[in-house]
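Right, one structure below, let's go through it.
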Amino acid sequence: MTATSSTSVSLRGVTKRYRSLAALDGVDLDLEPGITGLLGPNGAGKTTMLRVMATVLRPDAGEVRLLGRDPTQPDARTDIRRRLGYQPQELGFPRGFSAFAFVNYMAVLKEWADRDLRTTEVRRVLDLVGLGDVAPKRISRLSGGQRRRVALAQALLGTPELLVLDEPTTGLDPEQRASLRGVLADIAATSTMVISTHQTEDVAALCRRVVVLDAGRVHFDGTVPELVSLATGRVWMAAAPDAAAQASWRTASGRYRNVGEHVPSGAELVEPSLEDAYLLLRGATASASADAATSAEVA
Amino acid sequence: MSTHHVRPDDLRAWVRGATDGVLSMSVEQHLVGCPQCQAGVAAALPPMAYAVPSLPEVTAAPGQPGSPDVAGPVGSAELPDLAAVWTAVRDEIEVPRVSLLERLLVRLGLPPCDAMLVAAAPALRGSWICAVALAVAFAVGGAVAARNGSVMVFLVVAPLVPVLAVATAFGPEAGPALEQESAAPYPLARLLLLRTAAVLLAALPVVLVGQVVFPESAAWVWLLPALGFTAAVLALSTWFGPWRPASAITLVWVIATGAAERLDTIWAVFAPRYLLLYVLMLIIGPLVLVLRARRLGTIGRIAS
């Protein structure tokens with residue numbers, strides 16, 4: 001893997017451990033402008049990776065370059081932060097702040113010194129995420145989805161070149177999610193955006209590229225069609241669940257969707273979705289992990 | 001059109017809302033059909049707070065409404081700029097007012113952004129409430145101590161007030177947005193010190209209470225350990241978060257003053273060699289804090 005001049009994020013052998021647990025285990029990754037979706041189960045290392053990219057966490061080993069600069073150098077780190085927007089997974093807001101006051105406060109920390117320009121920018125990002133009407137409302141009185149959008153609004157301040165978003169669509173209703181996808185797609189035209197999510201629909205709708213993490217390692221890195229193609233010829237609709245399938249669930253039609261190598265009797269082959277491919281990959285990863293554990297025990 | 005008009009004094013009174021019911025009805029009935037008096041109302045209105053100083057030139061084509069050769073209200077320079085008015089209304093509703101403290105800090109020479117961050121600290125209610133509560137508790141303790149003729153309570157509590165207030169200021173309750181703040185270019189060490197200043201400001205009444213309760217004892221003497229401990233907590237927070245160092249220092253101080261009391265030498269904790277120790281803490285603490293913050297790029301409880 002070679003970083004090019006257009007590479008915005010470059011990770012080489014990045015490792016982060018929490019005691020004996022490797023949250024990131026020698027990750028190599030290059031990201032370029034556009035939206036990259038980060039998929040993986042809970043505890044896969046997605047949030048740790050995003051925190052490293054957001055300069056709030058330093059890895060134990062490996063090399064990180066963000067926007068062409070080394071975040072371990074104080075001056076470079078400040079420069080990166082001037083060009084970075086970050087929405088963390090765990091949201092925290094000081095009590096008593098209104099949505100406007102919080103984004104305004106964050107704008108000061110992001111060096112928007114001129115009061116009038118700052119006010120205009122705060123209003124722009126709040127309008128962008130659809131919170132213009134509730135700007136004066138206290139954050140403690142906003143819904144969970146609205147709070148998540150407040151956090152997103154502060155990340156969008158100044159239209160950053162690198163946007164790191166940890167589960168931006170969690171807690172949003174379908175209409176809000178559709179609206180937000182439009183906003184993010186517009187922003188991604190001029191920036192590098194990394195989105196961690198559990199929503200495969202968001203990845204399918206937004207992302208040019210998808211990275212699947214599991215146990216701190218990259219298990220897939222490619223385009224969405226490439227990931228979907230992994231499931232081609234492996235998704236079947238049948239009248240009954242297939243015990244041999246890697247994943248099987250009842251659909252709204254009453255028939256069962258079976259994902260796996262095994263062909264259930266009387267089943268009909270259907271077009272795979274991103275979710276099918278992800279589940280198939282997850283199943284393969286789990287099997288490989290189990291095999292590795294068995295081999296280790298035997299050895 | 002009526003040849004009679006509302007008297008200017010009555011019109012101004014009506015605009016101010018100073019006319020009685022009968023006169024008001026009369027004026028209003030007349031105004032409906034009298035453009036001249038309507039213009040008088042406009043002149044009598046106070047200047048709008050958000051009046052636009054200059055309006056864009058009318059660029060309507062000749063012969064079109066708004067062009068100079070066509071008379072009529074459209075295109076009149078008296079039309080308000082609705083966008084500007086709406087922006088002003090939103091400003092009034094949304095933009096937090098500049099507080100008295102913020103204005104004062106700017107007057108004292110603090111850059112406006114720093115002043116805003118300090119003034120924003122009261123939104124971190126937990127720390128302020130805690131600081132004020134500690135101040136009140138200290139005042140009560142001081143009064144009890146004075147009645148009993150003992151300075152023990154005073155000595156034990158006083159240096160710990162700023163320490164605990166600062167630790168509170170950086171606990172999870174007070175710094176819930178630290179993850180987001182950490183990814184911003186504003187120097188975290190500076191933010192930390194500004195918050196400290198804001199919280200210490202809230203704890204300042206303790207000093208005043210101390211002076212009032214014990215005018216004969218030099219309150220500044222216990223200010224030295226207070227500042228030294230605070231600096232130590234800030235420096236150690238880069239490794240352990242704020243609460244563990246604050247708890248440890250509290251424990252050590254309580255044991256030290258308790259031991260000194262038992263030995264009947266309560267003032268021993270202010271012996272020159274200990275004063276030197278507090279001074280060293282005061283000097284080394286901020287240095288460590290700044291160096292650690294520069295190296296880690298992050299501080300406090302997310303320094304993992």
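For the structure tokens, the naming scheme is as follows: chains receive sequential letters (A, B, ...) according to their order of presentation, residues are indexed from 1 within each chain, and ligands are indexed from 1 in presentation order.
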
Any idea which chain A residues end up within 8 Å of chain B if we count only C-alpha atoms, as a PDB file with N, CA and C atoms, in the first residue's frame please?
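The resulting file, iface.pdb, is reproduced below:
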```pdb
ATOM      1  N   ALA A  54      -8.756  11.663  14.703  1.00  0.00           N
ATOM      2  CA  ALA A  54      -9.199  12.982  15.182  1.00  0.00           C
ATOM      3  C   ALA A  54      -8.155  13.635  16.093  1.00  0.00           C
ATOM      4  N   THR A  55      -7.005  13.021  16.241  1.00  0.00           N
ATOM      5  CA  THR A  55      -5.875  13.529  17.053  1.00  0.00           C
ATOM      6  C   THR A  55      -6.155  13.559  18.554  1.00  0.00           C
ATOM      7  N   VAL A  56      -7.188  12.894  19.018  1.00  0.00           N
ATOM      8  CA  VAL A  56      -7.440  12.910  20.464  1.00  0.00           C
ATOM      9  C   VAL A  56      -6.845  11.675  21.148  1.00  0.00           C
ATOM     10  N   LEU A  57      -6.322  10.753  20.359  1.00  0.00           N
ATOM     11  CA  LEU A  57      -5.738   9.543  20.925  1.00  0.00           C
ATOM     12  C   LEU A  57      -4.445   9.238  20.181  1.00  0.00           C
ATOM     13  N   ARG A  58      -3.427   8.960  20.967  1.00  0.00           N
ATOM     14  CA  ARG A  58      -2.136   8.659  20.354  1.00  0.00           C
ATOM     15  C   ARG A  58      -1.946   7.145  20.342  1.00  0.00           C
ATOM     16  N   THR A  72       2.026  13.913  15.767  1.00  0.00           N
ATOM     17  CA  THR A  72       2.798  13.878  17.025  1.00  0.00           C
ATOM     18  C   THR A  72       3.567  15.184  17.223  1.00  0.00           C
ATOM     19  N   GLN A  73       3.728  15.968  16.161  1.00  0.00           N
ATOM     20  CA  GLN A  73       4.416  17.258  16.282  1.00  0.00           C
ATOM     21  C   GLN A  73       3.392  18.338  16.663  1.00  0.00           C
ATOM     22  N   PRO A  74       3.647  19.064  17.742  1.00  0.00           N
ATOM     23  CA  PRO A  74       2.630  20.024  18.227  1.00  0.00           C
ATOM     24  C   PRO A  74       2.138  21.018  17.178  1.00  0.00           C
ATOM     25  N   ARG A  77       0.093  19.227  14.625  1.00  0.00           N
ATOM     26  CA  ARG A  77      -1.179  18.793  15.201  1.00  0.00           C
ATOM     27  C   ARG A  77      -2.182  19.955  15.219  1.00  0.00           C
ATOM     28  N   THR A  78      -1.694  21.126  15.598  1.00  0.00           N
ATOM     29  CA  THR A  78      -2.578  22.307  15.611  1.00  0.00           C
ATOM     30  C   THR A  78      -3.085  22.601  14.204  1.00  0.00           C
ATOM     31  N   ASP A  79      -2.173  22.484  13.229  1.00  0.00           N
ATOM     32  CA  ASP A  79      -2.572  22.748  11.840  1.00  0.00           C
ATOM     33  C   ASP A  79      -3.633  21.744  11.383  1.00  0.00           C
ATOM     34  N   ARG A  81      -5.739  20.160  13.277  1.00  0.00           N
ATOM     35  CA  ARG A  81      -7.005  20.443  13.972  1.00  0.00           C
ATOM     36  C   ARG A  81      -7.742  21.627  13.369  1.00  0.00           C
ATOM     37  N   ARG A  82      -6.982  22.551  12.757  1.00  0.00           N
ATOM     38  CA  ARG A  82      -7.639  23.682  12.090  1.00  0.00           C
ATOM     39  C   ARG A  82      -8.409  23.215  10.864  1.00  0.00           C
ATOM     40  N   LEU A  84      -9.794  20.080  10.580  1.00  0.00           N
ATOM     41  CA  LEU A  84     -10.453  18.831  10.972  1.00  0.00           C
ATOM     42  C   LEU A  84     -11.815  19.089  11.623  1.00  0.00           C
ATOM     43  N   GLY A  85     -12.756  18.230  11.344  1.00  0.00           N
ATOM     44  CA  GLY A  85     -14.034  18.253  12.063  1.00  0.00           C
ATOM     45  C   GLY A  85     -14.265  16.884  12.664  1.00  0.00           C
ATOM     46  N   TYR A  86     -14.696  16.836  13.912  1.00  0.00           N
ATOM     47  CA  TYR A  86     -14.819  15.545  14.598  1.00  0.00           C
ATOM     48  C   TYR A  86     -16.121  15.477  15.380  1.00  0.00           C
ATOM     49  N   GLN A  87     -16.889  14.454  15.106  1.00  0.00           N
ATOM     50  CA  GLN A  87     -18.080  14.185  15.913  1.00  0.00           C
ATOM     51  C   GLN A  87     -17.843  12.882  16.658  1.00  0.00           C
ATOM     52  N   PRO A  88     -17.684  12.935  17.970  1.00  0.00           N
ATOM     53  CA  PRO A  88     -17.414  11.698  18.717  1.00  0.00           C
ATOM     54  C   PRO A  88     -18.663  10.846  18.878  1.00  0.00           C
ATOM     55  N   LEU A  91     -21.519  11.625  23.172  1.00  0.00           N
ATOM     56  CA  LEU A  91     -21.730  13.066  23.134  1.00  0.00           C
ATOM     57  C   LEU A  91     -21.833  13.628  24.541  1.00  0.00           C
ATOM     58  N   GLY A  92     -21.175  14.730  24.735  1.00  0.00           N
ATOM     59  CA  GLY A  92     -21.273  15.412  26.024  1.00  0.00           C
ATOM     60  C   GLY A  92     -21.419  16.900  25.794  1.00  0.00           C
ATOM     61  N   PHE A  93     -22.345  17.491  26.506  1.00  0.00           N
ATOM     62  CA  PHE A  93     -22.552  18.934  26.373  1.00  0.00           C
ATOM     63  C   PHE A  93     -22.606  19.542  27.763  1.00  0.00           C
ATOM     64  N   PRO A  94     -21.952  20.680  27.954  1.00  0.00           N
ATOM     65  CA  PRO A  94     -22.087  21.348  29.248  1.00  0.00           C
ATOM     66  C   PRO A  94     -23.539  21.728  29.490  1.00  0.00           C
ATOM     67  N   ARG A  95     -23.992  21.495  30.698  1.00  0.00           N
ATOM     68  CA  ARG A  95     -25.384  21.815  31.022  1.00  0.00           C
ATOM     69  C   ARG A  95     -25.615  23.315  30.921  1.00  0.00           C
ATOM     70  N   GLY A  96     -26.783  23.663  30.495  1.00  0.00           N
ATOM     71  CA  GLY A  96     -27.129  25.086  30.464  1.00  0.00           C
ATOM     72  C   GLY A  96     -26.874  25.734  29.125  1.00  0.00           C
ATOM     73  N   PHE A  97     -26.105  25.096  28.250  1.00  0.00           N
ATOM     74  CA  PHE A  97     -25.847  25.679  26.937  1.00  0.00           C
ATOM     75  C   PHE A  97     -27.041  25.454  26.020  1.00  0.00           C
ATOM     76  N   PHE A 100     -27.176  26.866  20.023  1.00  0.00           N
ATOM     77  CA  PHE A 100     -26.377  27.933  19.422  1.00  0.00           C
ATOM     78  C   PHE A 100     -25.153  28.226  20.289  1.00  0.00           C
ATOM     79  N   ALA A 101     -25.372  28.330  21.595  1.00  0.00           N
ATOM     80  CA  ALA A 101     -24.267  28.690  22.489  1.00  0.00           C
ATOM     81  C   ALA A 101     -23.160  27.633  22.443  1.00  0.00           C
ATOM     82  N   TYR A 105     -19.491  28.274  21.182  1.00  0.00           N
ATOM     83  CA  TYR A 105     -18.358  27.980  22.078  1.00  0.00           C
ATOM     84  C   TYR A 105     -17.301  27.148  21.341  1.00  0.00           C
ATOM     85  N   MET A 106     -17.762  26.128  20.603  1.00  0.00           N
ATOM     86  CA  MET A 106     -16.826  25.305  19.841  1.00  0.00           C
ATOM     87  C   MET A 106     -16.161  26.123  18.732  1.00  0.00           C
ATOM     88  N   VAL A 108     -15.332  29.216  18.907  1.00  0.00           N
ATOM     89  CA  VAL A 108     -14.235  29.977  19.530  1.00  0.00           C
ATOM     90  C   VAL A 108     -13.005  29.085  19.659  1.00  0.00           C
ATOM     91  N   LEU A 109     -13.229  27.838  20.084  1.00  0.00           N
ATOM     92  CA  LEU A 109     -12.098  26.903  20.215  1.00  0.00           C
ATOM     93  C   LEU A 109     -11.504  26.580  18.844  1.00  0.00           C
ATOM     94  N   LYS A 110     -12.303  26.764  17.805  1.00  0.00           N
ATOM     95  CA  LYS A 110     -11.790  26.526  16.456  1.00  0.00           C
ATOM     96  C   LYS A 110     -11.306  27.827  15.812  1.00  0.00           C
ATOM     97  N   GLU A 111     -11.028  28.791  16.641  1.00  0.00           N
ATOM     98  CA  GLU A 111     -10.357  30.034  16.240  1.00  0.00           C
ATOM     99  C   GLU A 111     -11.192  30.940  15.339  1.00  0.00           C
ATOM    100  N   ALA A 113     -12.420  33.974  15.582  1.00  0.00           N
ATOM    101  CA  ALA A 113     -12.266  35.075  16.533  1.00  0.00           C
ATOM    102  C   ALA A 113     -13.267  36.212  16.287  1.00  0.00           C
ATOM    103  N   THR A 119     -20.829  34.206  14.260  1.00  0.00           N
ATOM    104  CA  THR A 119     -22.287  34.076  14.352  1.00  0.00           C
ATOM    105  C   THR A 119     -22.871  33.570  13.039  1.00  0.00           C
ATOM    106  N   ALA A 135     -32.276  26.544  17.558  1.00  0.00           N
ATOM    107  CA  ALA A 135     -30.965  27.072  17.969  1.00  0.00           C
ATOM    108  C   ALA A 135     -30.970  27.670  19.378  1.00  0.00           C
ATOM    109  N   PRO A 136     -32.020  28.429  19.776  1.00  0.00           N
ATOM    110  CA  PRO A 136     -31.970  29.020  21.118  1.00  0.00           C
ATOM    111  C   PRO A 136     -32.374  28.057  22.229  1.00  0.00           C
TER     112      PRO A 136
END
```

**Message:** Restricting the calculation to only C-alpha atoms: of A:Thr190, A:Ser10, A:Thr48, A:Thr159, which residue gets closest to A:Asp60?
**Reply:**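 So, comparing all the options, the nearest one is A:Thr48.
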
**Asked** If you count only C-alpha atoms, which residues fall within 8 Å of A:Ala185, apart from same-chain ones fewer than 4 positions away, as a ChimeraX atom specification?
**Response** /A:35,181,189,206

**Between atom CA of A:Gln199 and atom CA of A:Leu281 - distance in Å to one decimal** = 15.5 Å

**Request:** Give me the residues within 7 Å of A:Ile139 as number ranges by chain, counting only C-alpha atoms and dropping any in the same chain fewer than 4 places off.
**Result:** A: 97-99, 147

**Message:** For A:Leu152, find every residue with an atom within 10 Å (counting only C-alpha atoms), except residues of its own chain fewer than 5 positions away, and show them as a PyMOL selection string.
**Reply:** chain A and resi 85-88+103+125-126+128-129+146-147+157+163-166+168-169+180

**Request:** Please give the complete set of residues from stretch 55-229 of chain A that DSSP, run on the backbone, assigns to strand (DSSP E or B), formatted as a PyMOL selection string.
**Result:** chain A and resi 61-66+69+84-87+98+138+162-166+192-196+209-214+217-223

Write to file, as a compact mmCIF listing (two decimals), in the first residue's frame, the residues of the selection just made, with N, CA, C and O atoms.
```
# COMPACT_ATOMS: atom_id res chain seq x y z
N ALA A 61 1.87 2.31 18.82
CA ALA A 61 2.90 2.06 17.81
C ALA A 61 2.34 2.38 16.44
O ALA A 61 1.12 2.44 16.25
N GLY A 62 3.24 2.56 15.50
CA GLY A 62 2.82 2.83 14.13
C GLY A 62 2.94 4.29 13.78
O GLY A 62 3.23 5.13 14.63
N GLU A 63 2.70 4.56 12.51
CA GLU A 63 2.86 5.93 12.00
C GLU A 63 1.52 6.44 11.49
O GLU A 63 0.80 5.73 10.78
N VAL A 64 1.20 7.67 11.87
CA VAL A 64 -0.06 8.30 11.43
C VAL A 64 0.29 9.60 10.71
O VAL A 64 1.09 10.39 11.21
N ARG A 65 -0.29 9.79 9.56
CA ARG A 65 -0.17 11.09 8.87
C ARG A 65 -1.58 11.54 8.49
O ARG A 65 -2.35 10.77 7.89
N LEU A 66 -1.88 12.76 8.87
CA LEU A 66 -3.21 13.31 8.59
C LEU A 66 -3.03 14.59 7.77
O LEU A 66 -2.27 15.48 8.18
N ARG A 69 0.47 15.63 7.34
CA ARG A 69 1.30 16.07 8.46
C ARG A 69 1.31 15.05 9.58
O ARG A 69 0.41 14.21 9.69
N LEU A 84 -9.79 20.08 10.58
CA LEU A 84 -10.45 18.83 10.97
C LEU A 84 -11.81 19.09 11.62
O LEU A 84 -11.98 20.04 12.37
N GLY A 85 -12.76 18.23 11.34
CA GLY A 85 -14.03 18.25 12.06
C GLY A 85 -14.26 16.88 12.66
O GLY A 85 -14.04 15.87 12.00
N TYR A 86 -14.70 16.84 13.91
CA TYR A 86 -14.82 15.55 14.60
C TYR A 86 -16.12 15.48 15.38
O TYR A 86 -16.41 16.34 16.20
N GLN A 87 -16.89 14.45 15.11
CA GLN A 87 -18.08 14.19 15.91
C GLN A 87 -17.84 12.88 16.66
O GLN A 87 -17.79 11.82 16.05
N SER A 98 -27.35 26.47 25.20
CA SER A 98 -28.30 26.25 24.11
C SER A 98 -27.51 25.64 22.94
O SER A 98 -26.28 25.63 22.95
N ARG A 138 -32.32 25.02 24.89
CA ARG A 138 -31.29 24.34 25.67
C ARG A 138 -31.07 22.92 25.16
O ARG A 138 -32.05 22.23 24.86
N LEU A 162 -10.98 17.41 6.50
CA LEU A 162 -11.08 16.03 6.99
C LEU A 162 -12.20 15.97 8.03
O LEU A 162 -12.17 16.68 9.04
N LEU A 163 -13.19 15.14 7.76
CA LEU A 163 -14.33 15.01 8.69
C LEU A 163 -14.35 13.59 9.25
O LEU A 163 -14.39 12.62 8.48
N VAL A 164 -14.33 13.49 10.56
CA VAL A 164 -14.33 12.19 11.22
C VAL A 164 -15.63 12.09 12.01
O VAL A 164 -15.81 12.80 13.01
N LEU A 165 -16.53 11.23 11.57
CA LEU A 165 -17.87 11.18 12.17
C LEU A 165 -18.15 9.79 12.71
O LEU A 165 -18.15 8.81 11.97
N ASP A 166 -18.39 9.73 14.00
CA ASP A 166 -18.64 8.45 14.66
C ASP A 166 -20.14 8.27 14.85
O ASP A 166 -20.74 8.91 15.71
N THR A 192 -12.40 14.90 2.75
CA THR A 192 -12.27 13.48 3.06
C THR A 192 -13.13 13.21 4.28
O THR A 192 -12.97 13.89 5.29
N MET A 193 -14.03 12.26 4.16
CA MET A 193 -14.95 12.01 5.26
C MET A 193 -14.88 10.53 5.66
O MET A 193 -14.92 9.67 4.78
N VAL A 194 -14.75 10.28 6.94
CA VAL A 194 -14.76 8.90 7.44
C VAL A 194 -15.96 8.77 8.36
O VAL A 194 -16.12 9.56 9.30
N ILE A 195 -16.80 7.80 8.07
CA ILE A 195 -18.02 7.61 8.86
C ILE A 195 -18.03 6.21 9.45
O ILE A 195 -17.93 5.23 8.72
N SER A 196 -18.15 6.15 10.76
CA SER A 196 -18.34 4.85 11.39
C SER A 196 -19.84 4.66 11.60
O SER A 196 -20.53 5.59 12.03
N ARG A 209 -16.30 4.06 -0.72
CA ARG A 209 -15.40 3.02 -0.26
C ARG A 209 -15.85 2.52 1.10
O ARG A 209 -16.43 3.27 1.88
N VAL A 210 -15.59 1.25 1.36
CA VAL A 210 -15.98 0.70 2.66
C VAL A 210 -14.83 -0.10 3.25
O VAL A 210 -14.13 -0.83 2.52
N VAL A 211 -14.63 0.07 4.54
CA VAL A 211 -13.59 -0.67 5.26
C VAL A 211 -14.30 -1.44 6.38
O VAL A 211 -15.08 -0.86 7.13
N VAL A 212 -14.04 -2.74 6.44
CA VAL A 212 -14.64 -3.55 7.51
C VAL A 212 -13.56 -3.91 8.51
O VAL A 212 -12.53 -4.49 8.15
N LEU A 213 -13.80 -3.51 9.74
CA LEU A 213 -12.85 -3.79 10.83
C LEU A 213 -13.40 -4.90 11.72
O LEU A 213 -14.61 -4.97 11.95
N ASP A 214 -12.51 -5.72 12.21
CA ASP A 214 -12.92 -6.70 13.22
C ASP A 214 -11.70 -7.03 14.08
O ASP A 214 -10.62 -7.27 13.53
N ARG A 217 -8.45 -5.27 13.26
CA ARG A 217 -7.77 -5.48 11.98
C ARG A 217 -8.71 -5.16 10.82
O ARG A 217 -9.93 -5.30 10.95
N VAL A 218 -8.12 -4.79 9.70
CA VAL A 218 -8.91 -4.52 8.50
C VAL A 218 -9.20 -5.85 7.81
O VAL A 218 -8.28 -6.56 7.42
N HIS A 219 -10.48 -6.18 7.67
CA HIS A 219 -10.85 -7.44 7.02
C HIS A 219 -11.35 -7.25 5.60
O HIS A 219 -11.45 -8.20 4.85
N PHE A 220 -11.71 -6.04 5.29
CA PHE A 220 -12.09 -5.75 3.90
C PHE A 220 -11.81 -4.28 3.66
O PHE A 220 -12.08 -3.43 4.50
N ASP A 221 -11.31 -3.99 2.46
CA ASP A 221 -11.08 -2.61 2.07
C ASP A 221 -11.32 -2.52 0.56
O ASP A 221 -10.53 -3.06 -0.23
N GLY A 222 -12.39 -1.91 0.18
CA GLY A 222 -12.70 -1.81 -1.25
C GLY A 222 -13.94 -0.97 -1.48
O GLY A 222 -14.40 -0.28 -0.57
N THR A 223 -14.46 -1.05 -2.68
CA THR A 223 -15.66 -0.26 -2.98
C THR A 223 -16.89 -1.02 -2.50
O THR A 223 -16.82 -2.23 -2.22
```

**Message:** List the spatial neighbours of stretch 234-249 of chain A as a count of residues only - criterion: any atom at most 9 Å away, only C-alpha atoms, same-chain residues fewer than 3 positions off excluded.
**Reply:** 29

**DSSP-assigned helix (DSSP H, G or I) among stretch 39-80 of chain A, expressed as a list in words** =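 The helix (DSSP H, G or I) residues within stretch 39-80 of chain A come out as Lys46, Thr47, Thr48, Met49, Leu50, Arg51, Val52, Met53, Pro74, Asp75, Ala76, Arg77, Thr78, Asp79 and Ile80 of chain A.
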
Restricting the output to N, CA and C atoms, write the selected residues as a PDB file, in the first residue's frame.
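Now in part-v7.pdb:
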```
ATOM      1  N   LYS A  46     -13.446   0.503  15.746  1.00  0.00           N
ATOM      2  CA  LYS A  46     -13.836   1.634  14.891  1.00  0.00           C
ATOM      3  C   LYS A  46     -13.634   2.973  15.611  1.00  0.00           C
ATOM      4  N   THR A  47     -14.173   3.052  16.829  1.00  0.00           N
ATOM      5  CA  THR A  47     -14.074   4.315  17.560  1.00  0.00           C
ATOM      6  C   THR A  47     -12.625   4.653  17.892  1.00  0.00           C
ATOM      7  N   THR A  48     -11.839   3.638  18.232  1.00  0.00           N
ATOM      8  CA  THR A  48     -10.424   3.890  18.522  1.00  0.00           C
ATOM      9  C   THR A  48      -9.731   4.449  17.279  1.00  0.00           C
ATOM     10  N   MET A  49     -10.040   3.850  16.127  1.00  0.00           N
ATOM     11  CA  MET A  49      -9.413   4.333  14.894  1.00  0.00           C
ATOM     12  C   MET A  49      -9.820   5.777  14.601  1.00  0.00           C
ATOM     13  N   LEU A  50     -11.087   6.088  14.808  1.00  0.00           N
ATOM     14  CA  LEU A  50     -11.549   7.458  14.551  1.00  0.00           C
ATOM     15  C   LEU A  50     -10.924   8.451  15.531  1.00  0.00           C
ATOM     16  N   ARG A  51     -10.734   8.018  16.769  1.00  0.00           N
ATOM     17  CA  ARG A  51     -10.117   8.917  17.751  1.00  0.00           C
ATOM     18  C   ARG A  51      -8.656   9.192  17.387  1.00  0.00           C
ATOM     19  N   VAL A  52      -7.998   8.189  16.825  1.00  0.00           N
ATOM     20  CA  VAL A  52      -6.623   8.406  16.352  1.00  0.00           C
ATOM     21  C   VAL A  52      -6.637   9.408  15.203  1.00  0.00           C
ATOM     22  N   MET A  53      -7.581   9.231  14.272  1.00  0.00           N
ATOM     23  CA  MET A  53      -7.673  10.144  13.123  1.00  0.00           C
ATOM     24  C   MET A  53      -8.060  11.560  13.558  1.00  0.00           C
ATOM     25  N   PRO A  74       3.647  19.064  17.742  1.00  0.00           N
ATOM     26  CA  PRO A  74       2.630  20.024  18.227  1.00  0.00           C
ATOM     27  C   PRO A  74       2.138  21.018  17.178  1.00  0.00           C
ATOM     28  N   ASP A  75       3.065  21.593  16.405  1.00  0.00           N
ATOM     29  CA  ASP A  75       2.630  22.589  15.414  1.00  0.00           C
ATOM     30  C   ASP A  75       1.793  21.945  14.316  1.00  0.00           C
ATOM     31  N   ALA A  76       2.256  20.758  13.884  1.00  0.00           N
ATOM     32  CA  ALA A  76       1.520  20.044  12.835  1.00  0.00           C
ATOM     33  C   ALA A  76       0.143  19.639  13.350  1.00  0.00           C
ATOM     34  N   ARG A  77       0.093  19.227  14.625  1.00  0.00           N
ATOM     35  CA  ARG A  77      -1.179  18.793  15.201  1.00  0.00           C
ATOM     36  C   ARG A  77      -2.182  19.955  15.219  1.00  0.00           C
ATOM     37  N   THR A  78      -1.694  21.126  15.598  1.00  0.00           N
ATOM     38  CA  THR A  78      -2.578  22.307  15.611  1.00  0.00           C
ATOM     39  C   THR A  78      -3.085  22.601  14.204  1.00  0.00           C
ATOM     40  N   ASP A  79      -2.173  22.484  13.229  1.00  0.00           N
ATOM     41  CA  ASP A  79      -2.572  22.748  11.840  1.00  0.00           C
ATOM     42  C   ASP A  79      -3.633  21.744  11.383  1.00  0.00           C
ATOM     43  N   ILE A  80      -3.421  20.473  11.751  1.00  0.00           N
ATOM     44  CA  ILE A  80      -4.406  19.434  11.385  1.00  0.00           C
ATOM     45  C   ILE A  80      -5.765  19.765  12.004  1.00  0.00           C
TER      46      ILE A  80
END
```

For stretch 19-30 of chain B, list every protein, DNA or RNA residue within 12 Å, evaluated using only C-alpha atoms, and leave out those in the same chain fewer than 5 positions away; present the list as an mmCIF file with C-alpha atoms, in the first residue's frame.
```
data_model
loop_
_atom_site.group_PDB
_atom_site.id
_atom_site.type_symbol
_atom_site.label_atom_id
_atom_site.label_comp_id
_atom_site.auth_asym_id
_atom_site.auth_seq_id
_atom_site.Cartn_x
_atom_site.Cartn_y
_atom_site.Cartn_z
ATOM 1 C CA MET B 1 -59.326 63.615 2.330
ATOM 2 C CA SER B 2 -59.794 65.384 5.639
ATOM 3 C CA THR B 3 -58.420 68.865 6.014
ATOM 4 C CA HIS B 4 -58.035 68.309 9.741
ATOM 5 C CA HIS B 5 -55.113 66.359 11.115
ATOM 6 C CA VAL B 6 -54.043 64.921 14.410
ATOM 7 C CA ARG B 7 -52.061 67.417 16.437
ATOM 8 C CA PRO B 8 -48.345 66.481 16.504
ATOM 9 C CA ASP B 9 -48.323 66.294 20.310
ATOM 10 C CA ASP B 10 -51.272 63.901 20.329
ATOM 11 C CA LEU B 11 -49.672 61.813 17.595
ATOM 12 C CA ARG B 12 -46.413 61.492 19.550
ATOM 13 C CA ALA B 13 -48.381 60.628 22.696
ATOM 14 C CA TRP B 14 -50.314 57.956 20.788
ATOM 15 C CA PRO B 35 -51.490 59.348 4.539
ATOM 16 C CA GLN B 36 -50.138 62.632 5.881
ATOM 17 C CA CYS B 37 -50.711 61.567 9.492
ATOM 18 C CA GLN B 38 -49.445 58.070 8.706
ATOM 19 C CA GLY B 40 -46.295 61.655 10.887
ATOM 20 C CA VAL B 41 -46.452 58.350 12.778
#
```
